[in-house]
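What follows is one structure encoded as structure tokens, with my remarks underneath.
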Amino acid sequence: MSNDLVIGMAGAGGDGIVSAGESLINAVAREGYYAILTKSFGPQIRGGESSCRLRVATEPVRSSGDTLDLAIALSWDDFLKFGAELPVGGRTTLVFESDSGLSPQDLSVAGVRPAETVAVPIAGLSKQATGAERSKNAVVMGLLSTWLGVSGERIVAGIRRKLGKKGDDVVAANERAFAAGAAYAAEHPLVRSRKLEAPLGAASGKEAPLKVLADGNEMSAAGAIFAGCEFFGGYPITPSSEIMHLLNGEIWKYGGSLLQAEDEIAGIGAVVGASFAGKKALTATSGPGMSLKTEMLGLATIAELPLVCVNVQRGGPSTGIPTKSEQSDLFQAAFSAHGDAPRPVLAPASVAESFVTTVEAFEIAETYQTPVIILSDQEIAQRKETFDPLDTSRLKVVSRRVPSEGELEHYARFRITESGVSPISHPGMAKGNYLASGIEHNESGAPTAGGEMHERMVAKRTRKLDPLKHERRYFSIEGDGGAPLALIAWGSIAGIAREALDRAAADGLRVKLLVPRLLYPVAEQVYRDFFTGVRAGLVVEQSYQGQLYRLIRMYVDVPAGLRSFAKPGSNPILASEITERLLGLSAELQRQRQNEVEPQE
Amino acid sequence: MSNDLVIGMAGAGGDGIVSAGESLINAVAREGYYAILTKSFGPQIRGGESSCRLRVATEPVRSSGDTLDLAIALSWDDFLKFGAELPVGGRTTLVFESDSGLSPQDLSVAGVRPAETVAVPIAGLSKQATGAERSKNAVVMGLLSTWLGVSGERIVAGIRRKLGKKGDDVVAANERAFAAGAAYAAEHPLVRSRKLEAPLGAASGKEAPLKVLADGNEMSAAGAIFAGCEFFGGYPITPSSEIMHLLNGEIWKYGGSLLQAEDEIAGIGAVVGASFAGKKALTATSGPGMSLKTEMLGLATIAELPLVCVNVQRGGPSTGIPTKSEQSDLFQAAFSAHGDAPRPVLAPASVAESFVTTVEAFEIAETYQTPVIILSDQEIAQRKETFDPLDTSRLKVVSRRVPSEGELEHYARFRITESGVSPISHPGMAKGNYLASGIEHNESGAPTAGGEMHERMVAKRTRKLDPLKHERRYFSIEGDGGAPLALIAWGSIAGIAREALDRAAADGLRVKLLVPRLLYPVAEQVYRDFFTGVRAGLVVEQSYQGQLYRLIRMYVDVPAGLRSFAKPGSNPILASEITERLLGLSAELQRQRQNEVEPQE
Amino acid sequence: MTAINRAHGLTAKDYKSALKPIWCPGCGDFGVLQSISRALAGVGRAPHEIAFVSGIGCSSRIPGYTTAYGFNSVHGRALPIAQGIKLANPDLLVLVAGGDGDGFSIGGGHVPHAIRRNLDLTYIVMDNQIYGLTKGQLSPTSPKGLPTVSSSYGSIEDPVNPLLYVLAYGAGFVAQGTPADMAGLADVIEEAIRFPGFAFVNVQSPCITFGHEDSQLKHHKEILQTLASLNHDPSNRLAAMDLAQEYGTKLYTGVFYRRPEPSATYDALARERQKELAPKALPRERILERFLAK
Amino acid sequence: MTAINRAHGLTAKDYKSALKPIWCPGCGDFGVLQSISRALAGVGRAPHEIAFVSGIGCSSRIPGYTTAYGFNSVHGRALPIAQGIKLANPDLLVLVAGGDGDGFSIGGGHVPHAIRRNLDLTYIVMDNQIYGLTKGQLSPTSPKGLPTVSSSYGSIEDPVNPLLYVLAYGAGFVAQGTPADMAGLADVIEEAIRFPGFAFVNVQSPCITFGHEDSQLKHHKEILQTLASLNHDPSNRLAAMDLAQEYGTKLYTGVFYRRPEPSATYDALARERQKELAPKALPRERILERFLAK
Ligand SMILES: Cc1ncc(C[n+]2csc(CCOP(=O)(O)OP(=O)(O)O)c2C)c(N)n1
Ligand SMILES: Cc1ncc(C[n+]2csc(CCOP(=O)(O)OP(=O)(O)O)c2C)c(N)n1
Ligand code: SF4
Ligand code: SF4
Ligand SMILES: [Mg+2]
Ligand SMILES: [Mg+2]
């Protein structure tokens, strides 16, 4: 019995492998398991190869795992195209389409002998059950239902919901194919059982409590609705478009509106306008769009207009690799604008955190009157993940500070206050009239070219963000508090670092992990505190330059042994690699210690 | 007799004060003096106040100086509008228009009593000489000619050249006004003489060797012509437009062409196209334009297309302060693009260096097939400066490495070489056909989404810039090699740091100064070497965040006592402030030393 | 526009701010400011219910000289910002203004989209055929052959035709004016503001400092012809396009085109949609329930 | 275009690269690729003398499938890049292609300027009224009311009219085709390439995966009308504009407008200027002498 399984499946575009993965995650989520589903496609829009990996476990999972426990290849060629994304290892049970005519020897994976190799006539079973090969994915679901021991009922109910529109015949055919798969599996049990332990609490006999099942883009959109967002302006771009799609279905219901603009500049331009008009407003994009939004972000900074901008990172630079994840837009997020224009940058480290981070981003934007950038990434944005319903009562829904009657008497929009935050009016509010501008201005908003006023205004705009650096809630610290070894990771990589932390602790290493959700401004004191007692460590990132490592160095003196462990996008970073490196660092520290104790002669 | 004088003048827009400054610098340059002229205007396009400051010396000058030796106020109100840009001090001779009815007591400058106050009926002299007040500036030139002891002939010759087109009457009137001014000054010698020493070599009796007299924008354009630039694409923006203006007059003569594009994106887009077509190409802009060019710069990086992009920095963020200088676009220059997209950033520290840096930028762009950003600033770009003709023979005019016949046999445009540089073909070259793209690609240029190829390509594009970090010619180091105190400064502020270095040395401090012309990639080894023996110091910059200081920290462990000394734009940084701070640092070091020697009880 | 309800008691002065314009003495934009103020007084909305957006340029300084909520934004992006404002609060009166470069060079990509969305905005371009603020470069409406600081040997490109473009984009209201006829200008601006939908007014507003001679007020007065005097029927779009072709050679003032039955605006359609869908809303704080695995 | 000199011996195959298109089976762009290859074979320039620029989109992948020097650049910016190429080397044959979104949404601001400059470029838009690459959002040419992933309740904006816009911008050559008539399409593309000046071809190229039904080849075949069959006179610009108004309701193919006496191109004028000014050049290495204080 397993309590944590990783299943990888691949086939041709039409094989419906991804839809099978979606049905499965739905079913296991409803059973009370925790799960993560990631999808990956070839470069074609339609057709070509497609794949997914599903991790199911009885306890919360933090990454999509590494080596597969169960691999299902509807086509071996297509399977191989996903390379390191679907890694087969010595513990893998490899299931493949027997109609392909391949024998287990043909399934060569460099340097690996799978635990077990199982040929199944998947297409044949479909044809037998339905008269056509079209329902291969239902056969696969049937196989998995039996082998994993997951309730077939739930899966079938899911199939019904999904295919209902296509008519009773289609539903019935798929049910038959599912049954054929389930029956076949029952007759051909796996040598190495892949049965799942019952989910936690299942013994109670009660229905499992409902879990949220969503991807990061959905949670960004939902977070915006929760936070009171009333306007979205943006332009489609992979892998962020779904935020716009979802909001387009929802936002009108709340009296809000949405503009699919002619380009990213206009998209964020409209957001700046909506914010000026007093509304909470959002835009979302990916790298190329961020590059185009640069000027408007600078405008929002100097005009002190709140807005939230999600960047779902993909492989860069330029068009780069649109469908794969990377964490290489951090420098840009912090520094793309010309002039002294600091602005907060946040990053969620899980699907659930996409919700939380979006709500926090609006809180920050509105409180400090600033654009806020959320660095999501393709991995988080597009993977489905389960989690227990969030306690949303601790989230703050905040609106900007409008001027009081008294303040409107001699209203100065950009009043230089101690905190740096000035009350903000908006069109429609009597006596609040002012001139917003990208030109440097004095307290009342009139243009100025004076150096002294400029200095005071830049100082105000910078100072107002200081409190953020002391909000410990944006930082999660785990592990051994007094550890000499440290890990820092962010975004989707943080989940892997968390697993590495557990493994390293299990290996007897003294390690701690910092996952910052606030990346900029750099919270000097938080890092300094975290570094107390730390002698070596790794900043783990999915970029070539190790951007967070460099960013921290700008503001904090880091321990001499802190290194960057960075790889560019779509090259998976494995928990095992991290642990290995930690072991190396530990050995190095011991050598140093030895040198200290036994002086060289 | 002085060998170094700073003269400041201000009046209403129509008073021609700036044109007087231009005539004067022309004349003194021709005499063999060194000089710098800066101009400053009120926010109006036409009308409003205007001013200039002229520094004249017998030896090369590196900044426009600080407190004025001679101040000329055609209107006291207008003079005051320039505040700290025209600082009056205890050593200032203050000349003012007596017709204004003001008395010396009315000329209150907070906390200052000028050395001498001289009322001159400037308007009256003009009216007397010409019948109108229009020639006040000629009167001023006459006054200065006598008081400074600069040949009137040269000035009059300049007036003739300048006004020739306006007809003989105008020229004659101005000559009379000039003579009136000169005569008045002869009758009213200054109590504290402001006579200039003869320029170096003047004693030889020969004509002074010709000097170059130009501003930074002119030198950027000239550098581009020198380097073989054949295309300019851009969009007007203050304070960079003059680069386009000048090239528009010149580039066609060399078979090149120019496009005033519809916006900055199209401007650099055309440059990318011209570069793809095999030509050396340039664009120029300022902050807001840089923000718009972000996406195209990323494209040029991944497509490995050479181009040079000048950013004449002004006050930011956003529209900011268009007419004033600042150094706050460094973060952007290094980091604006999404993805891992390193690119070289250069900065000239004087007008002459604008020429040199532009030639070097083309050398780097073409050699390494990369966009190169030049960070000029408004101060350098728009001030007139004299310098001795450059020895241009040491400048390299380099063209990109095209593939050989053999290489074309199996041509792979993005061949992964050890240096990271691959031979580059262009349309028109038989057998060199390839697909350029912003999408990640393999060696032949075909799109790829593979992580491994992506990693090799990012590594190649990063690696190829490594040699730059070892080019010592981009770094100028002055002062006491073993000094414990260090200064680092760049761009127009470097000149002030140079003066501070001299003064500090004169005060007995052991200081050295590093002026980097290459700002990015950060030349780790150069800084490490420079920091050897350094215990404290200042990175002096005209920004709020101290951007170079932060940039260095990203890559280099800096001495514990290295501080940022940064002020945002248009607030002058004075050599004396720097020296003062150095004294403070030195005192601190001594205290520390004391603590080390006498252990605390 | 003769019979106007002035019961609100607001006059042109109420729309002018304390900020002193720093335009060159004699700049055409002074007249435009005056005409806009008059038009606003004609319409009579309280200044705080007006949002006035511009880009960057001499002309784009105009919002700061009014008492409306102003937004002097960035070069070329006034229209996107204005659309966001209008969608966020359709009750506001939203004005947009700027230069020929701001609108038809760097901002040219936004014009067709603002028009095809048909938000209820009024867009006023101060067309001086030059870049004023940056000291005299070619603008997209500069006549072919014009030598400027950026076209030392004369321009070699045809000018943009704002009137024809905007008609082709399908704008419901298209007019032209000049400060050489202030009353006429105030009238078309007021009519544009009152038009329910996107309205465009091209104002020939001379740059006295860098503009060429033929673009000055004196010349305008000589050549100006009102469309009314030509008996032009403003409901005839093709005729309007034909007249618009004369841009750059003739100076027609008045209304080129006014759609007889204005179509629904984006902001109105958005409101409808909001009303229709409101009943389907889950309370914001319960939005996560939509994502429960069931 | 019947009598073509094919002495060069190049065939359509010589213009197709080894890269296998990853378009969806049945995508209209296959036909466009075939037609362009045929047209290029008709013109007969060697592939290495051709620069083929695109933006981003399914359609924008096309340069990679040809043997020309290709540039698959960034979304919406093909035209500025192409202009730089043409000015840098006017001897090249420069083709530009992309989608309706690429050209008329994000890239829409560049179209009028490329046209008024009149560089000798051929611009082919594969207009499928949808965003293909990003999986089915509204494009600027999508019909009003269309529900898509980004317009759950139907679009509420009027579509762009590429043909009318481009005519209003003053393009010298404007045509339309569809892969439903491959021969006709190859012909207009070849004619566009041969036209001395900016030439625009709108291709109705169906997206089989996300496009709506009325935009598919089958429907094209039913409704297609050649302009020749209507006896349209392609030298009549106003008539062309009138016909162009039917965009979205009728499918006319062939040449809408061909300027009878093509005006001088920017590249040609640039060359003239270069020749004229060459004698005034100081050698590049002596350029600093211009700045000696004399
Ligand atoms: C992104 C950006 N590019 C360029 C500029 C510089 N700039 C400011 S206004 C302007 C053009 C002004 O011309 P126009 O729009 O016709 O207005 P006018 O001054 O003539 O009224 C330019 C190029 C800028 N501020 N921002
Ligand atoms: C700056 C930028 N914004 C957005 C995108 C995402 N994107 C790529 S292609 C495309 C639109 C595709 O539509 P179209 O131009 O009509 O081409 P098609 O795929 O339909 O042929 C979009 C929005 C991008 N790559 N770059
Ligand atoms: S430069 Fe021209 S447009 Fe600008 S304020 Fe002066 S006259 Fe007006
Ligand atoms: S998505 Fe549409 S446009 Fe793109 S390749 Fe497929 S059919 Fe063609
Ligand atoms: Mg203008
Ligand atoms: Mg399309």
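Residue numbering restarts at 1 for every chain of the structure tokens, chains are lettered A, B, ... in their displayed order, and ligands are numbered from 1 as they appear.
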Least-squares superpose chain D onto chain C - every C-alpha atom, paired in order - and show me the moved coordinates as a compact mmCIF listing (two decimals) with C-alpha atoms, in the first residue's frame.
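Written output follows (out_23.txt):
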# COMPACT_ATOMS: atom_id res chain seq x y z
CA MET D 1 -26.04 74.54 -30.38
CA THR D 2 -27.93 77.67 -29.59
CA ALA D 3 -30.50 76.92 -26.92
CA ILE D 4 -28.51 75.71 -23.95
CA ASN D 5 -29.75 75.20 -20.45
CA ARG D 6 -27.52 77.36 -18.33
CA ALA D 7 -29.63 77.01 -15.20
CA HIS D 8 -26.64 75.44 -13.44
CA GLY D 9 -25.01 78.86 -13.24
CA LEU D 10 -21.52 77.59 -14.10
CA THR D 11 -19.41 79.77 -16.36
CA ALA D 12 -16.24 79.15 -18.34
CA LYS D 13 -14.23 80.59 -15.46
CA ASP D 14 -15.35 77.80 -13.16
CA TYR D 15 -13.50 75.32 -15.33
CA LYS D 16 -10.17 77.13 -15.33
CA SER D 17 -7.67 76.31 -12.62
CA ALA D 18 -5.28 78.61 -10.83
CA LEU D 19 -2.29 77.07 -12.63
CA LYS D 20 -0.92 79.57 -15.14
CA PRO D 21 -0.37 78.02 -18.57
CA ILE D 22 3.26 77.93 -19.59
CA TRP D 23 2.49 77.82 -23.28
CA CYS D 24 4.37 80.28 -25.49
CA PRO D 25 2.54 83.57 -25.81
CA GLY D 26 0.38 83.25 -28.91
CA CYS D 27 0.11 79.45 -28.81
CA GLY D 28 -3.15 78.20 -30.28
CA ASP D 29 -3.77 76.05 -27.23
CA PHE D 30 -4.88 79.07 -25.21
CA GLY D 31 -7.87 79.34 -27.47
CA VAL D 32 -8.60 75.65 -27.17
CA LEU D 33 -8.55 75.92 -23.38
CA GLN D 34 -10.96 78.80 -23.58
CA SER D 35 -13.26 76.93 -25.96
CA ILE D 36 -13.26 73.79 -23.84
CA SER D 37 -14.08 75.83 -20.75
CA ARG D 38 -16.95 77.45 -22.57
CA ALA D 39 -18.22 74.15 -23.86
CA LEU D 40 -18.07 72.65 -20.38
CA ALA D 41 -19.96 75.61 -19.01
CA GLY D 42 -22.49 74.96 -21.72
CA VAL D 43 -22.89 71.36 -20.62
CA GLY D 44 -22.79 72.32 -16.98
CA ARG D 45 -21.44 69.21 -15.25
CA ALA D 46 -19.69 69.99 -11.96
CA PRO D 47 -15.89 69.93 -12.38
CA HIS D 48 -15.45 67.07 -9.94
CA GLU D 49 -17.64 64.88 -12.12
CA ILE D 50 -15.31 65.39 -15.05
CA ALA D 51 -12.16 63.39 -15.73
CA PHE D 52 -9.85 65.04 -18.22
CA VAL D 53 -7.06 62.83 -19.53
CA SER D 54 -4.11 63.69 -21.73
CA GLY D 55 -0.78 62.27 -22.83
CA ILE D 56 2.41 64.32 -23.06
CA GLY D 57 3.05 67.37 -25.19
CA CYS D 58 2.45 71.09 -24.98
CA SER D 59 -1.21 70.46 -25.72
CA SER D 60 -1.36 67.64 -23.19
CA ARG D 61 -0.78 70.12 -20.38
CA ILE D 62 -4.35 71.26 -20.80
CA PRO D 63 -6.03 69.16 -18.07
CA GLY D 64 -3.92 70.89 -15.43
CA TYR D 65 -5.32 74.21 -16.49
CA THR D 66 -8.87 73.11 -15.79
CA THR D 67 -10.63 72.42 -12.51
CA ALA D 68 -11.63 68.92 -13.56
CA TYR D 69 -9.93 65.84 -12.18
CA GLY D 70 -6.97 65.85 -14.53
CA PHE D 71 -4.59 63.15 -15.62
CA ASN D 72 -1.51 64.27 -17.50
CA SER D 73 -0.35 60.75 -18.19
CA VAL D 74 2.33 59.42 -20.52
CA HIS D 75 2.92 60.05 -24.19
CA GLY D 76 0.31 58.48 -26.43
CA ARG D 77 -1.70 56.59 -23.83
CA ALA D 78 -4.52 58.94 -22.92
CA LEU D 79 -7.19 56.88 -24.67
CA PRO D 80 -6.55 53.56 -22.87
CA ILE D 81 -6.53 55.36 -19.53
CA ALA D 82 -9.71 57.21 -20.39
CA GLN D 83 -11.44 53.95 -21.31
CA GLY D 84 -10.52 52.49 -17.95
CA ILE D 85 -11.94 55.53 -16.20
CA LYS D 86 -15.17 55.44 -18.15
CA LEU D 87 -15.68 51.73 -17.57
CA ALA D 88 -14.88 52.07 -13.89
CA ASN D 89 -17.36 54.90 -13.49
CA PRO D 90 -19.66 55.50 -16.47
CA ASP D 91 -21.30 58.42 -14.67
CA LEU D 92 -18.27 60.59 -15.23
CA LEU D 93 -17.90 62.94 -18.15
CA VAL D 94 -14.61 61.85 -19.66
CA LEU D 95 -12.61 64.18 -21.90
CA VAL D 96 -9.40 63.26 -23.67
CA ALA D 97 -7.01 65.68 -25.31
CA GLY D 98 -3.52 65.84 -26.73
CA GLY D 99 -1.33 66.62 -29.68
CA ASP D 100 -1.12 65.29 -33.20
CA GLY D 101 1.99 63.32 -32.30
CA ASP D 102 0.53 62.05 -29.09
CA GLY D 103 -2.65 60.92 -30.83
CA PHE D 104 -1.59 59.78 -34.28
CA SER D 105 2.02 58.81 -33.93
CA ILE D 106 2.80 57.02 -30.68
CA GLY D 107 -0.86 56.77 -29.70
CA GLY D 108 -2.17 55.90 -33.14
CA GLY D 109 -2.67 52.23 -32.34
CA HIS D 110 -5.23 53.00 -29.66
CA VAL D 111 -7.52 55.20 -31.73
CA PRO D 112 -9.29 52.55 -33.84
CA HIS D 113 -9.94 50.41 -30.78
CA ALA D 114 -11.37 53.20 -28.68
CA ILE D 115 -13.63 53.98 -31.60
CA ARG D 116 -14.79 50.47 -32.39
CA ARG D 117 -15.58 49.94 -28.71
CA ASN D 118 -17.53 53.17 -28.85
CA LEU D 119 -17.11 54.32 -25.29
CA ASP D 120 -18.76 57.63 -24.57
CA LEU D 121 -15.62 59.76 -24.68
CA THR D 122 -14.80 63.07 -26.33
CA TYR D 123 -11.37 63.18 -27.91
CA ILE D 124 -9.87 66.54 -28.85
CA VAL D 125 -6.63 66.65 -30.82
CA MET D 126 -4.69 69.90 -30.95
CA ASP D 127 -3.19 69.41 -34.36
CA ASN D 128 -0.30 71.80 -35.00
CA GLN D 129 1.52 69.61 -37.52
CA ILE D 130 4.64 69.69 -35.40
CA TYR D 131 6.17 68.38 -32.19
CA GLY D 132 5.96 71.44 -29.99
CA LEU D 133 7.19 70.24 -26.62
CA THR D 134 10.30 68.55 -27.96
CA LYS D 135 11.14 71.61 -30.04
CA GLY D 136 10.10 71.20 -33.56
CA GLN D 137 10.48 67.72 -35.02
CA LEU D 138 8.23 66.29 -37.72
CA SER D 139 4.80 65.26 -36.56
CA PRO D 140 2.72 62.65 -38.39
CA THR D 141 0.55 65.44 -39.78
CA SER D 142 3.48 67.55 -41.02
CA PRO D 143 3.17 68.18 -44.75
CA LYS D 144 5.45 66.19 -47.03
CA GLY D 145 8.65 68.05 -47.79
CA LEU D 146 8.72 70.04 -44.55
CA PRO D 147 12.25 70.65 -43.30
CA THR D 148 12.56 70.50 -39.50
CA VAL D 149 15.28 69.72 -36.99
CA SER D 150 14.55 66.06 -37.57
CA SER D 151 14.13 66.32 -41.33
CA SER D 152 17.07 68.45 -42.36
CA TYR D 153 16.41 67.82 -46.03
CA GLY D 154 12.62 67.77 -45.86
CA SER D 155 10.27 64.97 -44.91
CA ILE D 156 9.82 62.15 -47.40
CA GLU D 157 6.61 60.62 -46.08
CA ASP D 158 2.96 61.42 -46.63
CA PRO D 159 1.15 62.88 -43.64
CA VAL D 160 -1.49 61.09 -41.65
CA ASN D 161 -5.09 62.17 -42.23
CA PRO D 162 -6.74 62.21 -38.80
CA LEU D 163 -10.19 63.02 -40.11
CA LEU D 164 -10.23 60.28 -42.73
CA TYR D 165 -8.73 57.69 -40.38
CA VAL D 166 -11.27 58.35 -37.70
CA LEU D 167 -14.12 58.18 -40.18
CA ALA D 168 -12.78 54.87 -41.51
CA TYR D 169 -12.62 53.61 -37.92
CA GLY D 170 -16.33 54.26 -37.67
CA ALA D 171 -16.49 57.15 -35.21
CA GLY D 172 -20.04 58.37 -34.61
CA PHE D 173 -19.08 62.03 -34.41
CA VAL D 174 -16.26 63.74 -36.29
CA ALA D 175 -15.65 67.48 -36.39
CA GLN D 176 -12.96 70.07 -36.91
CA GLY D 177 -12.35 73.55 -35.51
CA THR D 178 -9.73 76.21 -35.04
CA PRO D 179 -9.14 78.87 -32.41
CA ALA D 180 -9.33 81.27 -35.32
CA ASP D 181 -13.08 80.83 -34.81
CA MET D 182 -13.47 80.47 -31.07
CA ALA D 183 -17.25 80.45 -30.98
CA GLY D 184 -17.42 77.80 -33.65
CA LEU D 185 -14.83 75.74 -31.83
CA ALA D 186 -16.65 75.93 -28.50
CA ASP D 187 -19.83 74.88 -30.28
CA VAL D 188 -18.40 71.75 -31.90
CA ILE D 189 -16.70 70.76 -28.66
CA GLU D 190 -19.93 71.13 -26.76
CA GLU D 191 -21.75 69.12 -29.38
CA ALA D 192 -19.06 66.46 -29.22
CA ILE D 193 -19.43 66.22 -25.47
CA ARG D 194 -23.16 65.89 -25.77
CA PHE D 195 -22.89 63.20 -28.43
CA PRO D 196 -23.65 59.81 -26.85
CA GLY D 197 -20.65 57.80 -27.98
CA PHE D 198 -17.11 58.35 -29.11
CA ALA D 199 -16.69 61.85 -30.52
CA PHE D 200 -13.63 63.26 -32.21
CA VAL D 201 -12.71 66.90 -32.71
CA ASN D 202 -9.61 67.82 -34.66
CA VAL D 203 -8.49 71.31 -33.74
CA GLN D 204 -6.09 73.14 -35.98
CA SER D 205 -4.20 74.77 -33.11
CA PRO D 206 -1.10 76.63 -34.28
CA CYS D 207 2.33 76.28 -32.76
CA ILE D 208 3.62 79.79 -32.99
CA THR D 209 7.16 78.81 -32.09
CA PHE D 210 7.90 75.85 -34.33
CA GLY D 211 4.90 75.61 -36.63
CA HIS D 212 5.23 76.46 -40.27
CA GLU D 213 3.64 79.57 -41.66
CA ASP D 214 0.62 77.96 -43.28
CA SER D 215 -0.48 76.56 -39.98
CA GLN D 216 -0.87 79.91 -38.23
CA LEU D 217 -4.13 81.59 -37.18
CA LYS D 218 -3.78 84.32 -39.74
CA HIS D 219 -3.70 81.80 -42.53
CA HIS D 220 -6.58 79.88 -40.95
CA LYS D 221 -8.74 82.97 -41.03
CA GLU D 222 -8.03 83.38 -44.70
CA ILE D 223 -8.83 79.87 -45.82
CA LEU D 224 -11.38 78.65 -43.28
CA GLN D 225 -14.66 77.35 -44.72
CA THR D 226 -17.48 76.13 -42.52
CA LEU D 227 -19.03 72.87 -43.59
CA ALA D 228 -22.41 74.45 -43.01
CA SER D 229 -21.61 77.01 -45.67
CA LEU D 230 -20.94 74.13 -48.06
CA ASN D 231 -24.33 72.62 -47.23
CA HIS D 232 -22.59 69.42 -46.19
CA ASP D 233 -24.99 66.83 -44.79
CA PRO D 234 -23.32 65.50 -41.63
CA SER D 235 -25.31 62.29 -41.76
CA ASN D 236 -23.61 61.28 -45.01
CA ARG D 237 -20.49 59.33 -44.08
CA LEU D 238 -19.17 58.81 -47.58
CA ALA D 239 -19.51 62.52 -48.33
CA ALA D 240 -17.71 63.21 -45.08
CA MET D 241 -14.88 60.92 -46.16
CA ASP D 242 -14.70 62.69 -49.46
CA LEU D 243 -14.38 66.08 -47.75
CA ALA D 244 -11.92 64.67 -45.26
CA GLN D 245 -9.62 63.81 -48.15
CA GLU D 246 -8.94 67.53 -48.44
CA TYR D 247 -7.22 67.54 -45.06
CA GLY D 248 -3.96 69.41 -45.48
CA THR D 249 -5.15 71.41 -48.45
CA LYS D 250 -8.47 72.89 -47.30
CA LEU D 251 -9.56 73.96 -43.84
CA TYR D 252 -13.14 72.86 -43.24
CA THR D 253 -14.67 73.52 -39.85
CA GLY D 254 -17.79 72.13 -38.25
CA VAL D 255 -19.26 68.66 -38.16
CA PHE D 256 -18.07 66.22 -40.81
CA TYR D 257 -20.15 63.35 -39.54
CA ARG D 258 -22.73 62.73 -36.88
CA ARG D 259 -24.30 59.29 -36.83
CA PRO D 260 -28.03 59.90 -36.98
CA GLU D 261 -28.88 56.99 -34.71
CA PRO D 262 -25.97 56.59 -32.34
CA SER D 263 -25.30 52.95 -31.56
CA ALA D 264 -25.08 51.57 -28.06
CA THR D 265 -21.86 52.38 -26.22
CA TYR D 266 -19.55 49.84 -24.64
CA ASP D 267 -20.19 51.38 -21.25
CA ALA D 268 -23.95 51.05 -21.72
CA LEU D 269 -23.66 47.44 -22.88
CA ALA D 270 -21.39 46.72 -19.92
CA ARG D 271 -24.01 48.11 -17.56
CA GLU D 272 -26.70 45.95 -19.11
CA ARG D 273 -24.53 42.92 -18.72
CA GLN D 274 -23.79 43.75 -15.11
CA LYS D 275 -27.46 44.07 -14.33
CA GLU D 276 -28.27 40.84 -16.10
CA LEU D 277 -25.58 38.82 -14.37
CA ALA D 278 -25.75 40.31 -10.88
CA PRO D 279 -28.21 37.71 -9.63
CA LYS D 280 -25.75 34.93 -10.47
CA ALA D 281 -23.04 36.27 -8.20
CA LEU D 282 -21.80 34.18 -5.31
CA PRO D 283 -20.86 36.58 -2.49
CA ARG D 284 -17.25 37.62 -3.00
CA GLU D 285 -16.13 36.09 0.27
CA ARG D 286 -17.51 32.72 -0.76
CA ILE D 287 -15.89 32.63 -4.18
CA LEU D 288 -13.66 29.67 -3.28
CA GLU D 289 -16.74 27.47 -3.07
CA ARG D 290 -16.83 27.53 -6.86
CA PHE D 291 -13.69 25.43 -6.81
CA LEU D 292 -14.65 22.69 -4.36
CA ALA D 293 -14.11 19.24 -5.83
CA LYS D 294 -17.58 17.78 -5.94
Next on the checklist: Let's see if you can do this: from backbone DSSP, list all strand (DSSP E or B) residues in range 459-520 of chain B, as a VMD selection string.
Outcome noted: chain B and resid 475 to 479 485 to 489 511 to 516 518 to 520
Item to check | Counting only C-alpha atoms and all ligand atoms, the option among A:Ala274, A:Gly249, A:Ala73, A:Ser286 closest to ligand 2 | outcome: A:Ser286
